[in-house]
>>> print(open('upload-v3.cif').read())   # mmCIF, C-alpha atoms
data_protein
#
loop_
_atom_site.group_PDB
_atom_site.id
_atom_site.type_symbol
_atom_site.label_atom_id
_atom_site.label_comp_id
_atom_site.auth_asym_id
_atom_site.auth_seq_id
_atom_site.Cartn_x
_atom_site.Cartn_y
_atom_site.Cartn_z
ATOM 1 C CA MET V 1 -206.902 -78.418 144.649
ATOM 2 C CA ALA V 2 -206.831 -74.678 143.954
ATOM 3 C CA ARG V 3 -210.126 -73.076 143.674
ATOM 4 C CA ASP V 4 -210.899 -71.667 140.245
ATOM 5 C CA LYS V 5 -211.246 -67.929 140.130
ATOM 6 C CA GLU V 6 -214.719 -66.804 139.627
ATOM 7 C CA LYS V 7 -215.372 -65.090 136.366
ATOM 8 C CA ARG V 8 -216.334 -61.450 136.710
ATOM 9 C CA SER V 9 -219.234 -60.054 134.804
ATOM 10 C CA CYS V 10 -218.921 -57.123 132.426
ATOM 11 C CA GLY V 11 -220.696 -54.894 134.916
ATOM 12 C CA GLN V 12 -218.179 -55.768 137.666
ATOM 13 C CA VAL V 13 -215.249 -54.900 135.357
ATOM 14 C CA LEU V 14 -216.798 -51.551 134.486
ATOM 15 C CA ALA V 15 -217.449 -50.844 138.150
ATOM 16 C CA GLU V 16 -213.794 -51.537 138.975
ATOM 17 C CA TRP V 17 -212.649 -49.167 136.197
ATOM 18 C CA ARG V 18 -215.021 -46.473 137.449
ATOM 19 C CA ALA V 19 -213.664 -46.893 140.938
ATOM 20 C CA PHE V 20 -210.108 -46.642 139.592
ATOM 21 C CA LEU V 21 -210.886 -43.446 137.728
ATOM 22 C CA TRP V 22 -212.682 -41.870 140.666
ATOM 23 C CA ASP V 23 -213.277 -43.465 144.059
ATOM 24 C CA PRO V 24 -215.794 -41.317 145.954
ATOM 25 C CA ARG V 25 -215.112 -43.178 149.210
ATOM 26 C CA THR V 26 -211.372 -42.406 149.333
ATOM 27 C CA ARG V 27 -211.632 -39.414 146.950
ATOM 28 C CA GLN V 28 -208.838 -40.800 144.763
ATOM 29 C CA PHE V 29 -208.351 -40.046 141.058
ATOM 30 C CA LEU V 30 -206.440 -42.717 139.118
ATOM 31 C CA GLY V 31 -205.372 -44.236 142.383
ATOM 32 C CA ARG V 32 -203.993 -41.035 143.939
ATOM 33 C CA THR V 33 -205.398 -38.394 146.214
ATOM 34 C CA GLY V 34 -205.340 -34.716 145.326
ATOM 35 C CA THR V 35 -202.432 -34.131 147.698
ATOM 36 C CA SER V 36 -200.398 -36.862 146.008
ATOM 37 C CA TRP V 37 -201.086 -35.467 142.548
ATOM 38 C CA GLY V 38 -200.186 -31.961 143.705
ATOM 39 C CA LEU V 39 -196.820 -33.101 145.076
ATOM 40 C CA ILE V 40 -195.990 -34.961 141.859
ATOM 41 C CA LEU V 41 -196.897 -31.967 139.684
ATOM 42 C CA LEU V 42 -194.891 -29.659 141.943
ATOM 43 C CA PHE V 43 -191.844 -31.945 141.673
ATOM 44 C CA TYR V 44 -191.923 -32.027 137.857
ATOM 45 C CA LEU V 45 -192.583 -28.281 137.697
ATOM 46 C CA VAL V 46 -189.491 -27.593 139.793
ATOM 47 C CA PHE V 47 -187.416 -30.225 137.975
ATOM 48 C CA TYR V 48 -188.164 -29.062 134.424
ATOM 49 C CA GLY V 49 -188.003 -25.419 135.477
ATOM 50 C CA PHE V 50 -184.483 -26.053 136.759
ATOM 51 C CA LEU V 51 -183.494 -27.715 133.466
ATOM 52 C CA ALA V 52 -184.948 -24.823 131.438
ATOM 53 C CA GLY V 53 -183.123 -22.294 133.610
ATOM 54 C CA LEU V 54 -179.846 -24.192 133.278
ATOM 55 C CA PHE V 55 -180.227 -24.303 129.484
ATOM 56 C CA ALA V 56 -181.053 -20.575 129.319
ATOM 57 C CA LEU V 57 -178.043 -19.747 131.504
ATOM 58 C CA THR V 58 -175.749 -21.853 129.315
ATOM 59 C CA MET V 59 -177.015 -20.159 126.151
ATOM 60 C CA TRP V 60 -176.643 -16.711 127.716
ATOM 61 C CA VAL V 61 -173.035 -17.403 128.737
ATOM 62 C CA MET V 62 -172.221 -18.712 125.262
ATOM 63 C CA LEU V 63 -173.806 -15.716 123.519
ATOM 64 C CA GLN V 64 -171.703 -13.346 125.613
ATOM 65 C CA SER V 65 -168.634 -14.698 123.819
ATOM 66 C CA VAL V 66 -170.101 -14.243 120.324
ATOM 67 C CA ASP V 67 -169.743 -10.980 118.434
ATOM 68 C CA PRO V 68 -172.951 -10.363 116.417
ATOM 69 C CA HIS V 69 -170.987 -8.385 113.830
ATOM 70 C CA VAL V 70 -167.796 -10.389 113.209
ATOM 71 C CA PRO V 71 -167.299 -14.185 113.323
ATOM 72 C CA LYS V 72 -165.151 -15.203 116.267
ATOM 73 C CA TYR V 73 -163.102 -17.755 114.323
ATOM 74 C CA GLN V 74 -162.158 -16.919 110.736
ATOM 75 C CA ASP V 75 -158.416 -17.583 110.714
ATOM 76 C CA ARG V 76 -158.740 -20.719 108.571
ATOM 77 C CA LEU V 77 -160.543 -18.924 105.731
ATOM 78 C CA LEU V 78 -157.676 -17.429 103.756
ATOM 79 C CA THR V 79 -159.249 -17.521 100.287
ATOM 80 C CA PRO V 80 -162.933 -16.904 99.510
ATOM 81 C CA GLY V 81 -164.855 -19.321 97.381
ATOM 82 C CA LEU V 82 -166.533 -18.597 94.056
ATOM 83 C CA MET V 83 -170.020 -19.507 92.955
ATOM 84 C CA ILE V 84 -172.020 -19.197 89.742
ATOM 85 C CA ARG V 85 -175.445 -17.920 88.867
ATOM 86 C CA PRO V 86 -177.847 -19.168 87.698
ATOM 87 C CA ARG V 87 -177.793 -21.745 90.452
ATOM 88 C CA ALA V 88 -177.739 -25.170 88.826
ATOM 89 C CA GLU V 89 -177.914 -28.607 90.382
ATOM 90 C CA GLY V 90 -174.454 -30.104 90.428
ATOM 91 C CA LEU V 91 -173.103 -26.908 88.809
ATOM 92 C CA ASP V 92 -174.358 -28.298 85.507
ATOM 93 C CA VAL V 93 -175.920 -25.702 83.183
ATOM 94 C CA THR V 94 -177.671 -27.667 80.437
ATOM 95 C CA PHE V 95 -180.427 -26.498 78.111
ATOM 96 C CA ASN V 96 -181.842 -26.862 74.614
ATOM 97 C CA VAL V 97 -181.934 -23.687 72.531
ATOM 98 C CA SER V 98 -185.139 -24.633 70.709
ATOM 99 C CA GLN V 99 -186.969 -25.646 73.919
ATOM 100 C CA SER V 100 -187.552 -22.477 75.930
ATOM 101 C CA GLN V 101 -188.826 -24.386 78.952
ATOM 102 C CA THR V 102 -185.288 -25.719 79.493
ATOM 103 C CA TRP V 103 -183.663 -22.292 79.743
ATOM 104 C CA LEU V 104 -186.402 -19.940 80.972
ATOM 105 C CA PRO V 105 -185.787 -20.973 84.635
ATOM 106 C CA TYR V 106 -182.160 -19.853 84.215
ATOM 107 C CA VAL V 107 -183.293 -16.500 82.805
ATOM 108 C CA GLN V 108 -185.778 -15.943 85.622
ATOM 109 C CA ALA V 109 -183.147 -16.840 88.225
ATOM 110 C CA LEU V 110 -180.719 -14.319 86.736
ATOM 111 C CA HIS V 111 -183.377 -11.594 86.653
ATOM 112 C CA GLN V 112 -184.138 -12.209 90.316
ATOM 113 C CA PHE V 113 -180.477 -12.270 91.307
ATOM 114 C CA LEU V 114 -179.649 -9.043 89.456
ATOM 115 C CA GLU V 115 -182.687 -7.064 90.578
ATOM 116 C CA PRO V 116 -180.815 -5.413 93.523
ATOM 117 C CA TYR V 117 -178.118 -4.373 91.019
ATOM 118 C CA ASN V 118 -180.471 -2.167 88.999
ATOM 119 C CA ASP V 119 -178.835 1.194 88.376
ATOM 120 C CA SER V 120 -181.748 3.113 89.921
ATOM 121 C CA LEU V 121 -181.617 1.087 93.144
ATOM 122 C CA GLN V 122 -177.847 1.397 93.353
ATOM 123 C CA ALA V 123 -178.075 5.174 92.924
ATOM 124 C CA ALA V 124 -180.704 5.410 95.669
ATOM 125 C CA ARG V 125 -179.082 3.078 98.202
ATOM 126 C CA ASN V 126 -175.330 3.071 97.648
ATOM 127 C CA ALA V 127 -172.591 5.637 97.273
ATOM 128 C CA PRO V 128 -170.185 6.420 94.417
ATOM 129 C CA CYS V 129 -166.778 5.308 95.663
ATOM 130 C CA VAL V 130 -163.281 6.124 94.532
ATOM 131 C CA PRO V 131 -162.144 3.291 92.229
ATOM 132 C CA GLY V 132 -158.768 1.641 92.475
ATOM 133 C CA ARG V 133 -158.442 1.571 96.257
ATOM 134 C CA TYR V 134 -159.917 -0.209 99.244
ATOM 135 C CA ASN V 135 -163.026 1.305 100.757
ATOM 136 C CA GLU V 136 -161.845 1.229 104.360
ATOM 137 C CA GLN V 137 -164.254 2.676 106.901
ATOM 138 C CA PRO V 138 -162.857 2.543 110.446
ATOM 139 C CA ASP V 139 -165.237 2.741 113.384
ATOM 140 C CA ASP V 140 -163.372 5.640 115.013
ATOM 141 C CA ALA V 141 -165.286 6.607 118.161
ATOM 142 C CA VAL V 142 -168.510 4.713 117.327
ATOM 143 C CA LEU V 143 -168.224 0.923 117.405
ATOM 144 C CA ASN V 144 -169.893 -0.917 114.484
ATOM 145 C CA TYR V 145 -171.075 2.299 112.887
ATOM 146 C CA PRO V 146 -173.061 1.550 109.675
ATOM 147 C CA LYS V 147 -170.843 1.462 106.588
ATOM 148 C CA ARG V 148 -171.674 2.823 103.173
ATOM 149 C CA ALA V 149 -171.715 0.357 100.288
ATOM 150 C CA CYS V 150 -170.247 1.118 96.874
ATOM 151 C CA ARG V 151 -172.381 1.041 93.767
ATOM 152 C CA PHE V 152 -172.189 -1.896 91.415
ATOM 153 C CA ASN V 153 -174.431 -1.038 88.494
ATOM 154 C CA ARG V 154 -176.141 -3.782 86.563
ATOM 155 C CA SER V 155 -175.377 -1.976 83.313
ATOM 156 C CA ALA V 156 -171.662 -2.715 83.887
ATOM 157 C CA LEU V 157 -172.413 -6.304 82.847
ATOM 158 C CA GLY V 158 -172.998 -5.192 79.251
ATOM 159 C CA ALA V 159 -174.606 -7.845 77.080
ATOM 160 C CA CYS V 160 -175.090 -10.008 80.177
ATOM 161 C CA SER V 161 -177.038 -7.391 82.128
ATOM 162 C CA GLY V 162 -180.448 -8.605 80.954
ATOM 163 C CA LEU V 163 -181.617 -5.009 80.568
ATOM 164 C CA GLY V 164 -182.786 -5.341 76.964
ATOM 165 C CA HIS V 165 -186.461 -5.835 76.259
ATOM 166 C CA THR V 166 -185.985 -8.309 73.414
ATOM 167 C CA GLY V 167 -183.328 -10.585 71.966
ATOM 168 C CA ALA V 168 -180.121 -11.818 73.548
ATOM 169 C CA ASP V 169 -179.919 -8.994 76.066
ATOM 170 C CA TRP V 170 -183.245 -9.891 77.648
ATOM 171 C CA ASP V 171 -182.642 -13.638 77.892
ATOM 172 C CA TYR V 172 -178.907 -13.408 78.629
ATOM 173 C CA GLY V 173 -178.205 -15.148 75.332
ATOM 174 C CA TYR V 174 -179.842 -18.451 76.253
ATOM 175 C CA GLY V 175 -182.410 -18.215 73.489
ATOM 176 C CA SER V 176 -179.677 -17.810 70.855
ATOM 177 C CA GLY V 177 -177.217 -20.353 72.272
ATOM 178 C CA ARG V 178 -174.828 -17.673 73.584
ATOM 179 C CA PRO V 179 -175.496 -17.945 77.333
ATOM 180 C CA CYS V 180 -174.161 -15.799 80.144
ATOM 181 C CA VAL V 181 -173.015 -17.189 83.474
ATOM 182 C CA LEU V 182 -172.327 -14.917 86.437
ATOM 183 C CA VAL V 183 -169.386 -15.569 88.747
ATOM 184 C CA LYS V 184 -169.557 -14.071 92.222
ATOM 185 C CA VAL V 185 -167.022 -13.948 95.038
ATOM 186 C CA ASN V 186 -168.334 -15.191 98.368
ATOM 187 C CA ARG V 187 -168.401 -12.596 101.115
ATOM 188 C CA VAL V 188 -165.584 -12.685 103.653
ATOM 189 C CA ILE V 189 -165.431 -10.102 106.427
ATOM 190 C CA ASN V 190 -162.301 -7.912 106.472
ATOM 191 C CA PHE V 191 -160.876 -9.517 103.352
ATOM 192 C CA PHE V 192 -158.316 -7.385 101.470
ATOM 193 C CA PRO V 193 -157.467 -9.121 98.189
ATOM 194 C CA GLY V 194 -154.722 -8.182 95.776
ATOM 195 C CA ARG V 195 -152.360 -6.303 98.079
ATOM 196 C CA ASN V 196 -153.487 -2.982 96.597
ATOM 197 C CA LYS V 197 -153.183 -4.357 93.074
ATOM 198 C CA SER V 198 -155.942 -5.063 90.567
ATOM 199 C CA ILE V 199 -157.858 -8.334 90.776
ATOM 200 C CA ASN V 200 -159.908 -10.127 88.179
ATOM 201 C CA VAL V 201 -161.663 -13.368 87.337
ATOM 202 C CA ILE V 202 -160.347 -15.599 84.562
ATOM 203 C CA CYS V 203 -162.207 -18.511 82.981
ATOM 204 C CA MET V 204 -160.972 -21.287 80.694
ATOM 205 C CA ALA V 205 -161.577 -24.849 79.619
ATOM 206 C CA LYS V 206 -160.793 -26.816 82.750
ATOM 207 C CA ARG V 207 -158.819 -29.868 81.562
ATOM 208 C CA PRO V 208 -159.133 -32.674 79.012
ATOM 209 C CA ARG V 209 -162.080 -34.980 79.370
ATOM 210 C CA VAL V 210 -161.486 -38.709 79.486
ATOM 211 C CA LYS V 211 -163.826 -39.172 76.587
ATOM 212 C CA GLY V 212 -165.484 -36.507 74.504
ATOM 213 C CA ASP V 213 -168.956 -36.435 73.050
ATOM 214 C CA LEU V 214 -167.548 -37.417 69.684
ATOM 215 C CA GLY V 215 -166.403 -40.765 71.084
ATOM 216 C CA GLN V 216 -162.701 -39.928 71.181
ATOM 217 C CA SER V 217 -160.214 -38.345 73.551
ATOM 218 C CA THR V 218 -159.734 -34.587 73.308
ATOM 219 C CA THR V 219 -156.733 -32.442 74.095
ATOM 220 C CA ARG V 220 -156.759 -29.163 75.967
ATOM 221 C CA GLU V 221 -156.299 -27.230 72.728
ATOM 222 C CA GLU V 222 -159.316 -28.977 71.232
ATOM 223 C CA ASP V 223 -161.359 -28.220 74.351
ATOM 224 C CA VAL V 224 -160.435 -24.550 74.090
ATOM 225 C CA ALA V 225 -161.402 -24.503 70.420
ATOM 226 C CA LEU V 226 -164.741 -26.198 71.151
ATOM 227 C CA LEU V 227 -165.485 -23.727 73.932
ATOM 228 C CA GLY V 228 -164.711 -20.748 71.714
ATOM 229 C CA PRO V 229 -163.931 -17.170 72.758
ATOM 230 C CA LEU V 230 -165.227 -15.832 76.053
ATOM 231 C CA GLU V 231 -166.556 -12.340 76.673
ATOM 232 C CA LEU V 232 -166.079 -10.981 80.193
ATOM 233 C CA TYR V 233 -168.027 -8.133 81.783
ATOM 234 C CA PRO V 234 -166.752 -5.846 83.230
ATOM 235 C CA PRO V 235 -163.898 -5.915 80.704
ATOM 236 C CA ASN V 236 -161.161 -8.443 81.488
ATOM 237 C CA GLY V 237 -163.284 -9.747 84.357
ATOM 238 C CA SER V 238 -161.929 -7.030 86.621
ATOM 239 C CA ILE V 239 -163.189 -6.485 90.162
ATOM 240 C CA ASP V 240 -162.424 -3.105 91.623
ATOM 241 C CA LEU V 241 -160.742 -2.834 95.016
ATOM 242 C CA MET V 242 -163.405 -0.399 96.213
ATOM 243 C CA TYR V 243 -165.769 -3.314 96.942
ATOM 244 C CA PHE V 244 -163.449 -4.517 99.704
ATOM 245 C CA PRO V 245 -163.389 -4.998 102.598
ATOM 246 C CA TYR V 246 -166.802 -6.308 103.547
ATOM 247 C CA TYR V 247 -167.838 -5.523 107.116
ATOM 248 C CA GLY V 248 -170.766 -7.900 107.599
ATOM 249 C CA LYS V 249 -174.471 -7.637 106.886
ATOM 250 C CA ARG V 250 -175.319 -5.934 110.184
ATOM 251 C CA VAL V 251 -173.196 -2.853 109.541
ATOM 252 C CA HIS V 252 -172.559 -2.988 105.780
ATOM 253 C CA VAL V 253 -176.139 -2.296 104.798
ATOM 254 C CA ASN V 254 -177.180 -2.745 101.136
ATOM 255 C CA TYR V 255 -173.795 -4.232 100.240
ATOM 256 C CA THR V 256 -173.931 -5.749 96.763
ATOM 257 C CA GLN V 257 -171.022 -8.034 96.096
ATOM 258 C CA PRO V 258 -169.265 -7.594 92.746
ATOM 259 C CA VAL V 259 -169.903 -10.135 90.000
ATOM 260 C CA VAL V 260 -168.261 -10.978 86.706
ATOM 261 C CA ALA V 261 -170.326 -12.103 83.731
ATOM 262 C CA VAL V 262 -168.956 -14.681 81.302
ATOM 263 C CA ARG V 263 -170.578 -14.922 77.898
ATOM 264 C CA PHE V 264 -169.974 -18.016 75.791
ATOM 265 C CA SER V 265 -170.410 -16.405 72.414
ATOM 266 C CA ASN V 266 -169.475 -19.350 70.177
ATOM 267 C CA ALA V 267 -169.456 -22.538 72.251
ATOM 268 C CA SER V 268 -169.932 -25.712 70.225
ATOM 269 C CA ALA V 269 -173.385 -27.229 70.540
ATOM 270 C CA ASN V 270 -174.126 -30.759 71.733
ATOM 271 C CA VAL V 271 -170.799 -30.891 73.566
ATOM 272 C CA GLU V 272 -170.241 -30.978 77.317
ATOM 273 C CA HIS V 273 -167.851 -28.176 78.177
ATOM 274 C CA HIS V 274 -165.873 -28.169 81.425
ATOM 275 C CA ILE V 275 -165.049 -24.646 82.601
ATOM 276 C CA GLU V 276 -163.087 -23.389 85.558
ATOM 277 C CA CYS V 277 -163.088 -19.793 86.769
ATOM 278 C CA ARG V 278 -160.463 -18.471 89.180
ATOM 279 C CA LEU V 279 -159.995 -15.340 91.203
ATOM 280 C CA GLN V 280 -156.661 -13.870 90.145
ATOM 281 C CA ALA V 281 -155.075 -11.614 92.762
ATOM 282 C CA GLU V 282 -151.642 -10.940 94.189
ATOM 283 C CA GLY V 283 -150.828 -13.286 97.066
ATOM 284 C CA LEU V 284 -153.981 -15.381 96.612
ATOM 285 C CA ARG V 285 -153.619 -19.154 96.252
ATOM 286 C CA THR V 286 -156.149 -20.913 94.051
ATOM 287 C CA ASP V 287 -154.253 -24.151 93.359
ATOM 288 C CA ASP V 288 -154.742 -25.939 96.666
ATOM 289 C CA ASP V 289 -155.897 -29.471 95.853
ATOM 290 C CA ARG V 290 -157.200 -29.888 99.405
ATOM 291 C CA ASP V 291 -159.847 -27.237 98.803
ATOM 292 C CA LYS V 292 -161.190 -27.244 95.258
ATOM 293 C CA PHE V 293 -163.510 -24.301 95.943
ATOM 294 C CA ALA V 294 -160.938 -21.886 97.359
ATOM 295 C CA GLY V 295 -160.787 -18.978 94.924
ATOM 296 C CA ARG V 296 -162.213 -21.012 92.060
ATOM 297 C CA VAL V 297 -165.298 -22.778 90.796
ATOM 298 C CA ALA V 298 -165.667 -25.484 88.150
ATOM 299 C CA PHE V 299 -168.898 -26.096 86.288
ATOM 300 C CA ARG V 300 -170.260 -27.785 83.179
ATOM 301 C CA LEU V 301 -172.056 -26.197 80.255
ATOM 302 C CA ARG V 302 -173.946 -28.008 77.525
ATOM 303 C CA ILE V 303 -175.868 -26.222 74.766
ATOM 304 C CA ASN V 304 -178.089 -28.631 72.903
ATOM 305 C CA ARG V 305 -179.504 -27.966 69.464
ATOM 306 C CA ASP V 306 -182.006 -30.160 67.640
#
>>> encode(input="upload-v3.cif", output="structure tokens")
Amino acid sequence: MARDKEKRSCGQVLAEWRAFLWDPRTRQFLGRTGTSWGLILLFYLVFYGFLAGLFALTMWVMLQSVDPHVPKYQDRLLTPGLMIRPRAEGLDVTFNVSQSQTWLPYVQALHQFLEPYNDSLQAARNAPCVPGRYNEQPDDAVLNYPKRACRFNRSALGACSGLGHTGADWDYGYGSGRPCVLVKVNRVINFFPGRNKSINVICMAKRPRVKGDLGQSTTREEDVALLGPLELYPPNGSIDLMYFPYYGKRVHVNYTQPVVAVRFSNASANVEHHIECRLQAEGLRTDDDRDKFAGRVAFRLRINRD
């Protein structure tokens, strides 16, 4: 019959643990001598050092093929996208005229966005360019020589500039139910739109809604009537050719991309309006159903009144 193992006292267990941690007789720490620990640490030091060196070499080789000034692959981007300001979740600009807390964030966002466009800053940083033609600036003998940016003055946005101290000019019309929305063209390096012809942004009621706020279907004509007339700044939503091409943020210092302001001067209240803005230029496709953001942007606007 097997002999039962003798139970060890608490003191014996502690003594065994102390011997495991440090055995003065064999001079072992955690069961290994100093030489053994040194060899293990040396192995892992060499192993992980090799991995770090291999990773650094791979990154260095990859970075040699990347131009810091121009994206390597940009052949698939034929048409730039559009975006609106103020930035709204889901491109849904909704506010209540009588509740300032619903539209003040939009006003503050527009003030912040347009601050670099102040006329004084533009005069100090950027150059007056010749309108009506591309602002081409070849490198000549110096590669990636810094380019001069053309002025885009905030005052060109008229009633949507936010330069007034009181009233609709200061709050971009949100406090009076006549809001302004800015449309900007995304930056694309070496993009020449329009084929030397004028370009502009157009906005309109997008398409009929399935069901309107009045509980009945609406036609396109009714949508247009509910949206009311649109005011565009600069006039006709024009974008001058002198703001193109864009050479990248490393060399095109202080570049301020052109924007178009859309003012909804008489949009019906308590109605969800669907608006689409397009970049209109010679040779530019904005009707590709595979890319709904190529040269266009669709957003919703709802002006609530109590």
>>> closest_residue(input="upload-v3.cif", among="V:Gly173, V:Tyr106, V:Trp22, V:Ser65", to="Glu89 (chain V)", atoms="all atoms listed in the file")
V:Tyr106
>>> resolve_selection(input="upload-v3.cif", expression="the PyMOL selection byres ((chain V and resi 178) around 12)", output="NGL selection string")
:V and (95-97 or 103 or 159-160 or 167-169 or 171-177 or 179-181 or 227-231 or 262-269 or 301-304)
>>> residues_around(input="upload-v3.cif", residues="Asn200 (chain V)", least_positions_apart="3", cutoff="6 Å", atoms="only C-alpha atoms", output="MDAnalysis selection string")
chainID V and resid 237:239 280
>>> residues_near_point(input="upload-v3.cif", point="(-179.1, -27.3, 87.1)", cutoff="12 Å", atoms="only C-alpha atoms", output="list in words")
Ile84, Arg85, Pro86, Arg87, Ala88, Glu89, Gly90, Leu91, Asp92, Val93, Thr94, Phe95, Thr102, Trp103, Pro105, Tyr106, Ala109, Phe299, Arg300, Leu301 and Arg302 of chain V
>>> atom_distance(input="upload-v3.cif", atom1="CA of Pro128 (chain V)", atom2="CA of Met242 (chain V)")
9.8 Å
>>> atom_distance(input="upload-v3.cif", atom1="CA of Asp223 (chain V)", atom2="CA of Ala281 (chain V)")
25.6 Å
>>> closest_residue(input="upload-v3.cif", among="V:Ser161, V:Glu222, V:Phe113, V:Leu82", to="Cys203 (chain V)", atoms="all atoms listed in the file")
V:Leu82
>>> atom_distance(input="upload-v3.cif", atom1="CA of Val66 (chain V)", atom2="CA of Ala149 (chain V)")
24.8 Å
>>> residues_around(input="upload-v3.cif", residues="region 133-141 of chain V", least_positions_apart="6", cutoff="9 Å", atoms="all atoms listed in the file", output="MDAnalysis selection string")
chainID V and resid 147:150 192 196:197 240:247
>>> residues_around(input="upload-v3.cif", residues="Gly283 (chain V)", least_positions_apart="4", cutoff="10 Å", atoms="all atoms listed in the file", output="list in words")
Thr79, Pro193, Gly194 and Arg195 of chain V
>>> write_last_selection(input="upload-v3.cif", atoms="C-alpha atoms", output="PDB file, keeping the file's coordinate frame")
ATOM      1  CA  THR V  79    -159.249 -17.521 100.287  1.00  0.00           C
ATOM      2  CA  PRO V 193    -157.467  -9.121  98.189  1.00  0.00           C
ATOM      3  CA  GLY V 194    -154.722  -8.182  95.776  1.00  0.00           C
ATOM      4  CA  ARG V 195    -152.360  -6.303  98.079  1.00  0.00           C
TER       5      ARG V 195
END
>>> residues_around(input="upload-v3.cif", residues="Arg151 (chain V)", least_positions_apart="3", cutoff="6 Å", atoms="only C-alpha atoms", output="VMD selection string")
chain V and resid 122 126 to 128
>>> write_last_selection(input="upload-v3.cif", atoms="C-alpha atoms", output="compact mmCIF listing (two decimals), in the coordinates of the input")
# COMPACT_ATOMS: atom_id res chain seq x y z
CA GLN V 122 -177.85 1.40 93.35
CA ASN V 126 -175.33 3.07 97.65
CA ALA V 127 -172.59 5.64 97.27
CA PRO V 128 -170.18 6.42 94.42
